[in-house]
$ cat model-v5.cif   # mmCIF, C-alpha atoms and all ligand atoms
data_query
loop_
_atom_site.label_atom_id
_atom_site.label_comp_id
_atom_site.auth_asym_id
_atom_site.auth_seq_id
_atom_site.Cartn_x
_atom_site.Cartn_y
_atom_site.Cartn_z
CA MET I 261 -33.99 -21.22 130.54
CA THR I 262 -32.78 -17.76 131.44
CA ASP I 263 -29.74 -16.53 129.63
CA TRP I 264 -27.89 -14.86 132.53
CA SER I 265 -25.46 -13.23 130.17
CA ASP I 266 -28.34 -11.22 128.70
CA PRO I 267 -27.82 -7.64 129.94
CA ASP I 268 -31.56 -7.34 130.66
CA ALA I 269 -31.74 -10.57 132.68
CA LEU I 270 -30.64 -8.83 135.86
CA ASP I 271 -31.31 -5.31 137.06
CA CYS I 272 -28.15 -4.50 139.04
CA SER I 273 -29.49 -1.05 139.86
CA ASP I 274 -32.28 -2.62 141.92
CA GLU I 275 -31.02 -2.68 145.53
CA THR I 276 -32.77 -5.93 146.48
CA THR I 277 -31.50 -7.76 143.40
CA PHE I 278 -28.01 -6.40 143.87
CA ASP I 279 -27.96 -7.31 147.58
CA ALA I 280 -28.93 -10.90 146.73
CA LEU I 281 -26.26 -11.04 144.03
CA LEU I 282 -23.56 -9.77 146.33
CA ASP I 283 -24.59 -12.30 148.97
CA ARG I 284 -24.13 -15.14 146.49
CA ALA I 285 -20.91 -13.98 144.86
CA ASP I 286 -17.50 -15.26 145.90
CA THR I 287 -14.76 -12.68 146.39
CA ARG I 288 -11.61 -13.17 144.37
CA GLU I 289 -9.12 -12.70 147.13
CA LYS I 290 -6.00 -10.58 147.09
CA GLY I 291 -3.01 -11.13 149.30
CA HIS I 292 -2.21 -14.06 151.58
CA TYR I 293 -3.25 -15.14 155.03
CA PHE I 294 -0.65 -16.06 157.67
CA GLU I 295 -0.99 -19.78 156.86
CA PHE I 296 0.41 -19.20 153.35
CA PHE I 297 3.90 -18.36 154.61
CA ALA I 298 6.50 -20.98 155.54
CA GLU I 299 10.04 -20.35 156.71
CA GLY I 300 12.51 -20.47 153.83
CA ASP I 301 9.95 -19.69 151.08
CA GLU I 302 11.31 -17.42 148.37
CA LEU I 303 9.01 -14.93 146.63
CA THR I 304 9.68 -12.89 143.51
CA HIS I 305 7.54 -9.80 143.40
CA ASP I 306 6.11 -9.21 139.99
CA PRO I 307 4.87 -5.62 139.88
CA GLY I 308 7.27 -3.45 137.96
CA LEU I 309 8.20 -0.05 139.22
CA ARG I 310 10.58 2.37 137.63
CA LEU I 311 12.09 4.89 140.01
CA SER I 312 11.24 8.35 138.78
CA ARG I 313 12.47 11.82 139.47
CA HIS I 314 8.86 12.98 139.80
CA GLY I 315 8.08 10.26 142.35
CA SER I 316 11.18 11.07 144.38
CA GLU I 317 10.50 14.81 144.31
CA GLN I 318 6.85 14.29 145.21
CA TRP I 319 7.87 12.06 148.15
CA MET I 320 10.46 14.61 149.29
CA GLY I 321 8.10 17.57 149.01
CA GLN I 322 5.21 15.90 150.80
CA THR I 323 7.34 14.51 153.63
CA LEU I 324 9.42 17.71 154.06
CA ASN I 325 12.70 16.03 153.06
CA HIS I 326 14.40 18.98 151.38
CA ASP I 327 17.97 17.77 150.86
CA PRO I 328 19.30 19.52 147.72
CA ALA I 329 21.58 16.58 146.83
CA TYR I 330 18.44 14.76 145.65
CA TRP I 331 17.13 17.76 143.67
CA ARG I 332 20.18 19.51 142.19
CA SER I 333 23.20 18.29 140.19
CA ASP I 334 25.75 20.72 141.71
CA THR I 335 25.04 19.58 145.29
CA ALA I 336 24.83 15.93 144.20
CA ARG I 337 28.30 16.25 142.64
CA GLU I 338 29.71 17.95 145.77
CA ARG I 339 28.37 15.08 147.86
CA GLY I 340 30.12 12.51 145.69
CA PHE I 341 27.08 11.21 143.79
CA ASP I 342 27.40 10.29 140.15
CA GLY I 343 24.33 12.27 138.98
CA VAL I 344 21.23 13.13 141.04
CA PRO I 345 20.00 9.97 142.80
CA VAL I 346 16.47 9.36 144.08
CA HIS I 347 15.92 10.00 147.78
CA PRO I 348 16.71 6.92 149.92
CA ASP I 349 13.33 7.09 151.73
CA TYR I 350 11.57 6.97 148.36
CA LEU I 351 13.77 4.09 147.19
CA LEU I 352 13.03 2.12 150.36
CA ALA I 353 9.28 2.82 150.13
CA CYS I 354 9.23 1.76 146.45
CA VAL I 355 11.03 -1.52 147.15
CA MET I 356 8.67 -2.23 150.02
CA GLY I 357 5.59 -1.04 148.09
CA ILE I 358 6.18 -3.67 145.41
CA THR I 359 6.21 -6.44 148.03
CA VAL I 360 2.88 -5.53 149.61
CA GLU I 361 0.59 -7.41 147.21
CA ASP I 362 2.40 -10.69 147.94
CA LEU I 363 3.27 -10.19 151.59
CA SER I 364 0.91 -7.92 153.47
CA GLU I 365 -2.08 -6.84 151.38
CA LYS I 366 -4.34 -9.01 153.53
CA GLY I 367 -4.41 -6.30 156.16
CA GLY I 368 -1.55 -6.94 158.53
CA TYR I 369 0.07 -4.08 160.36
CA PHE I 370 3.71 -3.21 159.82
CA LEU I 371 5.37 -3.77 163.23
CA GLY I 372 9.04 -3.18 162.55
CA ARG I 373 12.09 -3.43 160.33
CA THR I 374 15.82 -3.86 160.86
CA ASP I 375 19.13 -4.20 158.98
CA VAL I 376 18.09 -1.58 156.42
CA GLU I 377 21.20 -1.19 154.29
CA PHE I 378 21.70 1.13 151.31
CA HIS I 379 24.21 -0.63 149.07
CA ARG I 380 24.46 2.02 146.34
CA PRO I 381 22.59 5.15 145.26
CA ALA I 382 19.77 4.63 142.75
CA ARG I 383 19.18 6.88 139.74
CA PRO I 384 15.80 7.94 138.36
CA GLY I 385 14.86 5.57 135.56
CA THR I 386 16.10 2.46 137.40
CA GLU I 387 13.71 -0.47 137.01
CA LEU I 388 13.39 -2.52 140.18
CA ALA I 389 13.57 -6.30 140.74
CA VAL I 390 12.48 -7.26 144.25
CA THR I 391 12.59 -10.62 146.07
CA SER I 392 11.79 -11.73 149.62
CA ARG I 393 12.52 -14.78 151.77
CA VAL I 394 10.36 -15.82 154.72
CA VAL I 395 12.68 -15.69 157.73
CA ASP I 396 10.25 -16.48 160.53
CA THR I 397 6.57 -17.15 161.20
CA ARG I 398 5.01 -17.33 164.64
CA THR I 399 1.70 -17.20 166.40
CA SER I 400 0.79 -13.98 168.19
CA SER I 401 0.10 -14.76 171.83
CA SER I 402 -1.87 -11.56 172.35
CA ARG I 403 -3.89 -11.50 169.11
CA PRO I 404 -5.18 -14.95 168.08
CA ALA I 405 -6.63 -13.55 164.83
CA TYR I 406 -3.12 -12.69 163.62
CA GLY I 407 0.26 -14.32 163.11
CA ILE I 408 3.62 -12.57 162.98
CA VAL I 409 5.81 -12.96 159.88
CA THR I 410 9.33 -11.69 159.18
CA TRP I 411 10.72 -11.45 155.64
CA ALA I 412 14.18 -10.54 154.30
CA THR I 413 13.76 -8.36 151.21
CA GLU I 414 16.24 -7.25 148.58
CA GLY I 415 15.66 -4.53 145.96
CA ARG I 416 17.93 -4.71 142.91
CA ASP I 417 18.52 -2.85 139.68
CA ARG I 418 16.69 -5.09 137.18
CA GLU I 419 19.23 -4.32 134.44
CA THR I 420 22.52 -4.79 136.31
CA GLY I 421 21.34 -7.10 139.10
CA GLU I 422 23.13 -4.89 141.66
CA THR I 423 21.57 -4.70 145.10
CA LEU I 424 20.31 -1.22 145.98
CA VAL I 425 18.73 -1.79 149.38
CA SER I 426 18.01 -4.73 151.69
CA TYR I 427 16.18 -5.14 155.01
CA GLU I 428 14.17 -7.45 157.28
CA ARG I 429 10.59 -6.48 158.11
CA THR I 430 7.98 -7.88 160.47
CA ASN I 431 4.19 -7.64 160.09
CA MET I 432 1.09 -8.89 161.83
CA ILE I 433 -0.79 -10.94 159.22
CA PRO I 434 -4.44 -12.03 159.60
CA ARG I 435 -4.97 -15.77 159.98
CA ARG I 436 -7.56 -17.62 157.92
CA GLU I 437 -8.46 -19.41 161.16
CA PRO I 438 -7.85 -17.76 164.54
CA ALA I 439 -5.23 -19.57 166.62
CA ALA I 440 -6.27 -21.40 169.76
CA THR I 441 -4.51 -19.31 172.40
CA ASP I 442 -5.72 -18.09 175.75
CA GLY I 443 -5.36 -14.53 174.50
CA SER I 444 -3.55 -13.68 177.67
CA GLY I 445 -0.79 -11.63 176.09
CA SER I 446 -0.18 -7.93 176.19
CA MET I 447 -3.66 -6.76 175.16
CA ALA I 448 -4.65 -5.10 178.44
CA ASP I 449 -4.77 -1.34 178.20
CA GLY I 450 -1.42 -0.10 179.46
CA GLU I 451 -1.23 -0.43 183.21
CA ALA I 452 0.58 2.57 184.65
CA ASP I 453 4.13 1.87 185.75
CA PRO I 454 4.32 2.89 189.42
CA GLU I 455 8.07 3.50 189.14
CA ALA I 456 9.13 6.89 187.79
CA PRO I 457 11.28 6.38 184.69
CA ASP I 458 15.02 6.68 185.05
CA ILE I 459 16.05 9.56 182.78
CA PRO I 460 19.06 11.91 182.76
CA ASP I 461 18.67 15.26 184.57
CA THR I 462 20.06 17.15 181.60
CA LEU I 463 19.38 16.82 177.88
CA LEU I 464 21.91 18.64 175.70
CA THR I 465 21.36 20.03 172.21
CA PRO I 466 24.30 20.20 169.74
CA ASP I 467 25.36 23.72 168.75
CA GLY I 468 24.92 23.00 165.05
CA GLY I 469 24.30 20.25 162.56
CA HIS I 470 27.82 19.21 161.54
CA PHE I 471 29.70 16.09 162.63
CA GLU I 472 31.84 18.02 165.14
CA ASP I 473 28.72 19.50 166.76
CA PHE I 474 27.36 16.05 167.48
CA ARG I 475 30.76 14.74 168.60
CA ASP I 476 31.36 17.72 170.95
CA ALA I 477 27.86 17.46 172.41
CA LEU I 478 28.37 13.75 173.12
CA GLU I 479 31.72 14.45 174.82
CA ARG I 480 30.11 17.17 176.94
CA ALA I 481 27.24 14.86 177.82
CA ARG I 482 29.63 12.15 179.01
CA GLU I 483 31.36 14.61 181.35
CA GLU I 484 28.05 15.93 182.69
CA GLN I 485 26.21 12.60 182.99
CA ALA I 486 23.73 13.98 180.48
CA ALA I 487 22.23 12.78 177.21
CA VAL I 488 22.24 14.51 173.84
CA ALA I 489 18.55 14.58 172.99
CA TYR I 490 16.22 17.20 171.54
CA ARG I 491 12.95 17.65 169.71
CA HIS I 492 12.49 19.17 166.29
CA GLU I 493 10.12 22.05 165.78
CA ARG I 494 8.30 21.09 162.60
CA GLY I 495 5.14 19.01 162.56
CA ARG I 496 3.19 17.58 159.61
CA THR I 497 -0.52 16.78 159.75
CA MET I 498 -1.52 13.60 157.93
CA ASP I 499 -3.79 14.40 155.00
CA ASP I 500 -5.23 12.27 152.22
CA GLN I 501 -2.21 12.76 149.99
CA LEU I 502 0.10 11.36 152.66
CA VAL I 503 -2.11 8.58 153.99
CA ALA I 504 -3.58 7.25 150.73
CA GLY I 505 -1.68 9.00 147.91
CA LEU I 506 1.98 8.25 148.65
CA PRO I 507 1.57 4.51 149.35
CA LEU I 508 -0.41 4.04 146.12
CA ALA I 509 2.29 5.97 144.23
CA THR I 510 4.75 3.24 145.30
CA LEU I 511 2.31 0.39 144.41
CA ASN I 512 1.61 -0.27 148.09
CA THR I 513 -1.89 -1.75 147.81
CA ALA I 514 -2.39 -2.40 151.52
CA ARG I 515 -6.05 -1.67 152.27
CA GLN I 516 -4.98 -0.08 155.54
CA HIS I 517 -4.12 3.10 153.67
CA HIS I 518 -6.99 3.64 151.23
CA ASN I 519 -10.10 1.61 152.10
CA ARG I 520 -12.03 3.26 154.94
CA ASP I 521 -14.94 0.85 154.56
CA GLU I 522 -12.81 -2.28 155.21
CA MET I 523 -10.80 -0.59 157.92
CA ALA I 524 -13.86 0.44 159.95
CA ASP I 525 -13.92 -3.05 161.54
CA SER I 526 -10.17 -3.38 162.01
CA PRO I 527 -8.20 -2.74 165.22
CA SER I 528 -7.39 0.80 164.04
CA GLY I 529 -11.04 1.55 163.08
CA ASP I 530 -9.90 3.72 160.16
CA ILE I 531 -7.26 3.95 157.47
CA VAL I 532 -3.75 4.41 158.84
CA ALA I 533 -0.61 6.04 157.48
CA TYR I 534 1.96 3.82 155.74
CA GLY I 535 4.79 3.31 158.24
CA ASP I 536 7.34 4.52 155.72
CA VAL I 537 5.52 7.84 155.32
CA THR I 538 5.36 8.40 159.08
CA ARG I 539 9.01 7.47 159.41
CA SER I 540 10.11 9.64 156.51
CA ILE I 541 8.41 12.69 158.04
CA ALA I 542 10.12 12.19 161.40
CA LEU I 543 13.46 11.68 159.64
CA ALA I 544 12.87 14.85 157.60
CA HIS I 545 12.39 16.80 160.84
CA ALA I 546 15.69 15.38 162.11
CA ARG I 547 17.55 15.90 158.84
CA SER I 548 16.41 19.54 158.76
CA ASP I 549 18.57 20.00 161.87
CA GLU I 550 21.70 18.26 160.54
CA ALA I 551 24.11 18.48 157.59
CA THR I 552 23.41 15.01 156.21
CA TYR I 553 25.98 13.63 153.77
CA ARG I 554 24.67 10.09 153.11
CA GLU I 555 22.28 7.60 154.66
CA ARG I 556 24.03 4.42 155.86
CA ARG I 557 21.74 2.02 157.70
CA PHE I 558 18.70 1.65 159.94
CA GLU I 559 18.14 -0.86 162.73
CA ASP I 560 15.39 -1.72 165.17
CA GLU I 561 12.66 0.27 163.44
CA ARG I 562 9.35 -0.18 165.27
CA PHE I 563 5.84 1.10 164.73
CA HIS I 564 4.23 1.46 168.12
CA SER I 565 0.84 3.01 167.49
CA PHE I 566 -1.49 3.85 164.61
CA VAL I 567 -1.30 7.16 162.76
CA THR I 568 -4.60 8.21 161.20
CA LEU I 569 -5.92 11.12 159.12
CA GLY I 570 -5.59 14.38 161.02
CA ASP I 571 -2.77 13.20 163.32
CA THR I 572 0.31 15.42 163.40
CA ILE I 573 3.79 13.89 163.32
CA TYR I 574 6.65 15.47 165.26
CA GLY I 575 10.23 14.27 165.73
CA PHE I 576 12.59 13.66 168.66
CA THR I 577 16.26 12.68 168.35
CA ARG I 578 18.83 11.16 170.70
CA VAL I 579 22.49 11.05 169.64
CA LEU I 580 24.05 7.69 170.45
CA ASP I 581 27.50 7.59 168.89
CA CYS I 582 29.98 9.42 166.65
CA ASP I 583 32.76 7.75 164.68
CA ALA I 584 35.25 10.14 163.05
CA ASP I 585 37.10 7.25 161.35
CA ASP I 586 34.04 5.94 159.56
CA GLY I 587 33.34 7.88 156.37
CA PRO I 588 35.12 9.92 153.72
CA GLU I 589 37.16 13.06 154.30
CA GLU I 590 34.05 15.24 154.13
CA ALA I 591 31.90 13.36 156.67
CA GLY I 592 31.83 11.23 159.83
CA ALA I 593 29.32 8.62 161.00
CA VAL I 594 26.71 9.55 163.59
CA THR I 595 24.26 7.07 165.09
CA PHE I 596 20.91 8.47 166.21
CA GLU I 597 17.75 7.16 167.76
CA HIS I 598 14.77 8.89 166.15
CA VAL I 599 11.25 8.88 167.56
CA ALA I 600 8.14 10.04 165.70
CA PHE I 601 5.36 11.13 168.03
CA ASN I 602 1.87 12.52 167.61
CA GLN I 603 -0.02 15.55 168.95
CA ASP I 604 -0.63 13.68 172.24
CA SER I 605 3.12 12.98 172.62
CA THR I 606 2.51 9.28 171.94
CA PRO I 607 5.48 7.60 170.20
CA VAL I 608 4.35 6.07 166.91
CA TYR I 609 7.74 5.08 165.43
CA SER I 610 11.27 4.61 166.72
CA GLY I 611 14.44 3.46 165.01
CA ARG I 612 18.23 3.65 165.12
CA ARG I 613 19.87 5.34 162.17
CA THR I 614 23.51 5.70 161.16
CA ALA I 615 24.17 8.52 158.70
CA LEU I 616 27.29 10.23 157.43
CA VAL I 617 27.15 13.86 158.54
CA GLN I 618 29.26 16.56 156.89
CA ARG I 619 32.31 17.85 158.79
CA SER I 620 32.66 21.61 159.36
CA GLN I 621 34.73 23.34 156.66
C1 LIG I 701 -0.57 -3.55 165.77
C2 LIG I 701 -0.74 -3.09 167.20
C3 LIG I 701 -2.15 -2.56 167.41
C4 LIG I 701 -0.54 -4.28 168.06
O1 LIG I 701 -0.56 -3.85 169.39
P1 LIG I 701 -0.57 -4.84 170.59
O2 LIG I 701 -0.94 -4.04 171.80
O3 LIG I 701 -1.35 -6.04 170.25
O4 LIG I 701 0.87 -5.36 170.88
P2 LIG I 701 2.36 -5.09 170.44
O5 LIG I 701 3.13 -5.13 171.69
O6 LIG I 701 2.53 -3.90 169.59
O7 LIG I 701 2.74 -6.39 169.60
C5 LIG I 701 1.90 -7.44 169.24
C6 LIG I 701 2.82 -8.63 168.97
O8 LIG I 701 3.73 -8.27 167.94
C7 LIG I 701 5.08 -8.50 168.38
N1 LIG I 701 5.93 -7.47 167.81
C8 LIG I 701 5.74 -6.14 167.90
N2 LIG I 701 6.72 -5.49 167.24
C9 LIG I 701 7.54 -6.44 166.74
C10 LIG I 701 8.72 -6.41 165.96
N3 LIG I 701 9.27 -5.26 165.57
N4 LIG I 701 9.30 -7.57 165.62
C11 LIG I 701 8.77 -8.75 165.99
N5 LIG I 701 7.62 -8.85 166.73
C12 LIG I 701 7.03 -7.71 167.11
C13 LIG I 701 5.02 -8.43 169.91
O9 LIG I 701 6.09 -9.15 170.47
C14 LIG I 701 3.67 -9.02 170.18
O10 LIG I 701 3.78 -10.44 170.17
P3 LIG I 701 2.74 -11.36 170.99
O11 LIG I 701 1.38 -11.13 170.38
O12 LIG I 701 3.19 -12.76 170.77
O13 LIG I 701 2.83 -10.90 172.40
C15 LIG I 701 0.30 -1.98 167.63
O14 LIG I 701 1.59 -2.57 167.65
C16 LIG I 701 0.32 -0.82 166.71
O15 LIG I 701 -0.59 0.00 166.69
N6 LIG I 701 1.38 -0.70 165.89
C17 LIG I 701 1.46 0.28 164.83
C18 LIG I 701 1.13 -0.39 163.53
C19 LIG I 701 1.21 0.61 162.41
O16 LIG I 701 0.51 1.61 162.41
N7 LIG I 701 2.09 0.32 161.41
C20 LIG I 701 2.30 1.17 160.29
C21 LIG I 701 1.13 1.25 159.40
S1 LIG I 701 0.62 -0.28 158.67
C22 LIG I 701 1.58 -0.32 157.23
O17 LIG I 701 2.34 0.57 156.96
C23 LIG I 701 1.38 -1.52 156.38
C24 LIG I 701 2.22 -1.68 155.13
C25 LIG I 701 3.64 -1.29 155.30
O18 LIG I 701 1.66 -0.95 154.05
C26 LIG I 701 2.18 -3.16 154.79
O19 LIG I 701 2.77 -3.92 155.55
O20 LIG I 701 1.59 -3.52 153.79
#
$ encode --input "model-v5.cif" --output "structure tokens" --more "lines below"
Ligand SMILES: CC(C)(COP(=O)(O)OP(=O)(O)OC[C@H]1O[C@@H](n2cnc3c(N)ncnc32)[C@H](O)[C@@H]1OP(=O)(O)O)[C@@H](O)C(=O)NCCC(=O)NCCSC(=O)C[C@](C)(O)C(=O)O
Amino acid sequence: MTDWSDPDALDCSDETTFDALLDRADTREKGHYFEFFAEGDELTHDPGLRLSRHGSEQWMGQTLNHDPAYWRSDTARERGFDGVPVHPDYLLACVMGITVEDLSEKGGYFLGRTDVEFHRPARPGTELAVTSRVVDTRTSSSRPAYGIVTWATEGRDRETGETLVSYERTNMIPRREPAATDGSGSMADGEADPEAPDIPDTLLTPDGGHFEDFRDALERAREEQAAVAYRHERGRTMDDQLVAGLPLATLNTARQHHNRDEMADSPSGDIVAYGDVTRSIALAHARSDEATYRERRFEDERFHSFVTLGDTIYGFTRVLDCDADDGPEEAGAVTFEHVAFNQDSTPVYSGRRTALVQRSQ
């Protein structure tokens, strides 16, 4: 009888032996297929993550989000924060990162998110408690190998139980067994629309980045049948640190971001950027052209196309609404539509954002 626990019983450095071993071995799976999820299921996400100043500053530096209120105590105080909070994009990415192992590690693509609400600022050192509820599951008519799942997620302060951020997100999730559909959905390569798009003749740019600048530009646009819409100058090329480093720093274990071998056979053919990194870069471009006071909420966030290593992310903004009565004395609410696009001008992300923007002195 061979004692297979004897170190000398198998030569794992021999390619033929090792190939045969690998062939025979089961894989201990991570993550869940589509069939695992049922509407109403509640999931408590176990991985612990403590928000850190280093993590927030690293996220801000790498994504070009340079708002001093999240670096410096004097600006934080002026903006009404009780101490220097972590950056909201980092908070959101950390809450979502923790959920990945349970919800989307199997390889599903992040399609969209809505109702992103920041309930209170979070301080470095906060330990997170994150839960999700399955809101909806459905078959994809265009991709029988995948289903579409929506979860409602809440990130809380583990010590006080207070909610910090909540949202609903939707992913494509691989099925264990492909669904029997005719595959007749929207998979055809985009047929050109023969109709020219209906767009305004004039796109206006606000004179500055304060609340009044956006409000005045919107008023002008209404009179001139124009839109307030502009692009931002900065671009950021996706490198290893952004594509693989930042998701892992928030415990996002989705293979899409760090396993090129597995991803070679996937629809994207390569690792792709975490949606929250792409989004944060586009928002940073927009925020660099405005006097942001606080983030309020995000709706209708969608990820349209893959972003891979070497792609460059630019930003485009349309101003939708200004509300002078919403917000404290120092700021008014502005609603934007932000679009992230790549070097070929292909939109990769879009979302509606309401932020408080500082009033002019
Ligand atoms: C996946 C691709 C190839 C599919 O492209 P496609 O041409 O097959 O079609 P589509 O039009 O984009 O949508 C496919 C189906 O999804 C539905 N759908 C679409 N959006 C939504 C939405 N918001 N809410 C609800 N449903 C939505 C849509 O209605 C359609 O349904 P159908 O199959 O029945 O016709 C294409 O959409 C694409 O390239 N998207 C970008 C994906 C991406 O790069 N995401 C970010 C990176 S992955 C990530 O961050 C991972 C994460 C965060 O770590 C982690 O979840 O773990």
$ residues_near_ligand --input "model-v5.cif" --ligand "ligand LIG 701 (chain I)" --cutoff "7 Å" --atoms "all atoms listed in the file" --output "ChimeraX atom specification"
/I:360,364-365,368-373,399-403,408,430-432,445-447,512,514,516,527,532-536,561-567,608
$ write_last_selection --input "model-v5.cif" --atoms "C-alpha atoms" --output "PDB file, keeping the file's coordinate frame"
ATOM      1  CA  VAL I 360       2.880  -5.530 149.610  1.00  0.00           C
ATOM      2  CA  SER I 364       0.910  -7.920 153.470  1.00  0.00           C
ATOM      3  CA  GLU I 365      -2.080  -6.840 151.380  1.00  0.00           C
ATOM      4  CA  GLY I 368      -1.550  -6.940 158.530  1.00  0.00           C
ATOM      5  CA  TYR I 369       0.070  -4.080 160.360  1.00  0.00           C
ATOM      6  CA  PHE I 370       3.710  -3.210 159.820  1.00  0.00           C
ATOM      7  CA  LEU I 371       5.370  -3.770 163.230  1.00  0.00           C
ATOM      8  CA  GLY I 372       9.040  -3.180 162.550  1.00  0.00           C
ATOM      9  CA  ARG I 373      12.090  -3.430 160.330  1.00  0.00           C
ATOM     10  CA  THR I 399       1.700 -17.200 166.400  1.00  0.00           C
ATOM     11  CA  SER I 400       0.790 -13.980 168.190  1.00  0.00           C
ATOM     12  CA  SER I 401       0.100 -14.760 171.830  1.00  0.00           C
ATOM     13  CA  SER I 402      -1.870 -11.560 172.350  1.00  0.00           C
ATOM     14  CA  ARG I 403      -3.890 -11.500 169.110  1.00  0.00           C
ATOM     15  CA  ILE I 408       3.620 -12.570 162.980  1.00  0.00           C
ATOM     16  CA  THR I 430       7.980  -7.880 160.470  1.00  0.00           C
ATOM     17  CA  ASN I 431       4.190  -7.640 160.090  1.00  0.00           C
ATOM     18  CA  MET I 432       1.090  -8.890 161.830  1.00  0.00           C
ATOM     19  CA  GLY I 445      -0.790 -11.630 176.090  1.00  0.00           C
ATOM     20  CA  SER I 446      -0.180  -7.930 176.190  1.00  0.00           C
ATOM     21  CA  MET I 447      -3.660  -6.760 175.160  1.00  0.00           C
ATOM     22  CA  ASN I 512       1.610  -0.270 148.090  1.00  0.00           C
ATOM     23  CA  ALA I 514      -2.390  -2.400 151.520  1.00  0.00           C
ATOM     24  CA  GLN I 516      -4.980  -0.080 155.540  1.00  0.00           C
ATOM     25  CA  PRO I 527      -8.200  -2.740 165.220  1.00  0.00           C
ATOM     26  CA  VAL I 532      -3.750   4.410 158.840  1.00  0.00           C
ATOM     27  CA  ALA I 533      -0.610   6.040 157.480  1.00  0.00           C
ATOM     28  CA  TYR I 534       1.960   3.820 155.740  1.00  0.00           C
ATOM     29  CA  GLY I 535       4.790   3.310 158.240  1.00  0.00           C
ATOM     30  CA  ASP I 536       7.340   4.520 155.720  1.00  0.00           C
ATOM     31  CA  GLU I 561      12.660   0.270 163.440  1.00  0.00           C
ATOM     32  CA  ARG I 562       9.350  -0.180 165.270  1.00  0.00           C
ATOM     33  CA  PHE I 563       5.840   1.100 164.730  1.00  0.00           C
ATOM     34  CA  HIS I 564       4.230   1.460 168.120  1.00  0.00           C
ATOM     35  CA  SER I 565       0.840   3.010 167.490  1.00  0.00           C
ATOM     36  CA  PHE I 566      -1.490   3.850 164.610  1.00  0.00           C
ATOM     37  CA  VAL I 567      -1.300   7.160 162.760  1.00  0.00           C
ATOM     38  CA  VAL I 608       4.350   6.070 166.910  1.00  0.00           C
TER      39      VAL I 608
END
$ atom_distance --input "model-v5.cif" --atom1 "CA of Asp417 (chain I)" --atom2 "CA of His517 (chain I)"
27.3 Å
$ residues_around --input "model-v5.cif" --residues "Ala486 (chain I)" --least-positions-apart "5" --cutoff "6 Å" --atoms "all atoms listed in the file" --output "list in words"
Pro460, Thr462, Leu463 and Ala481 of chain I
$ closest_atom_pairs --input "model-v5.cif" --of "region 380-419 of chain I" --to "region 315-331 of chain I" --cutoff "12 Å" --atoms "all atoms listed in the file" --output "JSON lines"
{"residue": "I:Pro381", "atom": "CA", "partner": "I:Tyr330", "partner_atom": "CA", "distance": 10.5}
{"residue": "I:Ala382", "atom": "CA", "partner": "I:Tyr330", "partner_atom": "CA", "distance": 10.6}
{"residue": "I:Arg383", "atom": "CA", "partner": "I:Tyr330", "partner_atom": "CA", "distance": 9.9}
{"residue": "I:Pro384", "atom": "CA", "partner": "I:Ser316", "partner_atom": "CA", "distance": 8.2}
{"residue": "I:Gly385", "atom": "CA", "partner": "I:Gly315", "partner_atom": "CA", "distance": 10.7}
$ atom_distance --input "model-v5.cif" --atom1 "CA of Val376 (chain I)" --atom2 "CA of Phe558 (chain I)"
4.8 Å
$ residues_near_point --input "model-v5.cif" --point "(10.2, -15.3, 161.1)" --cutoff "8 Å" --atoms "only C-alpha atoms" --output "NGL selection string"
:I and (299 or 394-398 or 408-411 or 430)
$ write_last_selection --input "model-v5.cif" --atoms "C-alpha atoms" --output "PDB file, keeping the file's coordinate frame"
ATOM      1  CA  GLU I 299      10.040 -20.350 156.710  1.00  0.00           C
ATOM      2  CA  VAL I 394      10.360 -15.820 154.720  1.00  0.00           C
ATOM      3  CA  VAL I 395      12.680 -15.690 157.730  1.00  0.00           C
ATOM      4  CA  ASP I 396      10.250 -16.480 160.530  1.00  0.00           C
ATOM      5  CA  THR I 397       6.570 -17.150 161.200  1.00  0.00           C
ATOM      6  CA  ARG I 398       5.010 -17.330 164.640  1.00  0.00           C
ATOM      7  CA  ILE I 408       3.620 -12.570 162.980  1.00  0.00           C
ATOM      8  CA  VAL I 409       5.810 -12.960 159.880  1.00  0.00           C
ATOM      9  CA  THR I 410       9.330 -11.690 159.180  1.00  0.00           C
ATOM     10  CA  TRP I 411      10.720 -11.450 155.640  1.00  0.00           C
ATOM     11  CA  THR I 430       7.980  -7.880 160.470  1.00  0.00           C
TER      12      THR I 430
END
$ atom_distance --input "model-v5.cif" --atom1 "CA of Leu464 (chain I)" --atom2 "CA of Arg557 (chain I)"
24.5 Å
$ closest_atom_pairs --input "model-v5.cif" --of "region 405-445 of chain I" --to "region 335-356 of chain I" --cutoff "10 Å" --atoms "only C-alpha atoms" --output "Markdown table"
| residue | atom | partner | partner_atom | distance |
| --- | --- | --- | --- | --- |
| I:Thr413 | CA | I:Met356 | CA | 8.1 |
| I:Glu414 | CA | I:Val355 | CA | 7.9 |
| I:Gly415 | CA | I:Val355 | CA | 5.6 |
| I:Arg416 | CA | I:Val355 | CA | 8.7 |
| I:Leu424 | CA | I:Leu351 | CA | 8.5 |
| I:Val425 | CA | I:Leu352 | CA | 7.0 |
| I:Ser426 | CA | I:Leu352 | CA | 8.6 |
| I:Tyr427 | CA | I:Leu352 | CA | 9.2 |
| I:Arg429 | CA | I:Met356 | CA | 9.3 |
$ residues_around --input "model-v5.cif" --residues "Thr606 (chain I)" --least-positions-apart "3" --cutoff "12 Å" --atoms "only C-alpha atoms" --output "list in words"
Phe563, His564, Ser565, Phe566, Val567, Asp571, Thr572, Ile573, Tyr574, Gly575, Phe576, Val599, Ala600, Phe601, Asn602, Gln603, Tyr609 and Ser610 of chain I
$ residues_near_point --input "model-v5.cif" --point "(7.7, -1.2, 141.2)" --cutoff "10 Å" --atoms "all atoms listed in the file" --output "MDAnalysis selection string"
chainID I and resid 305:311 353:359 386:390 415 509:512
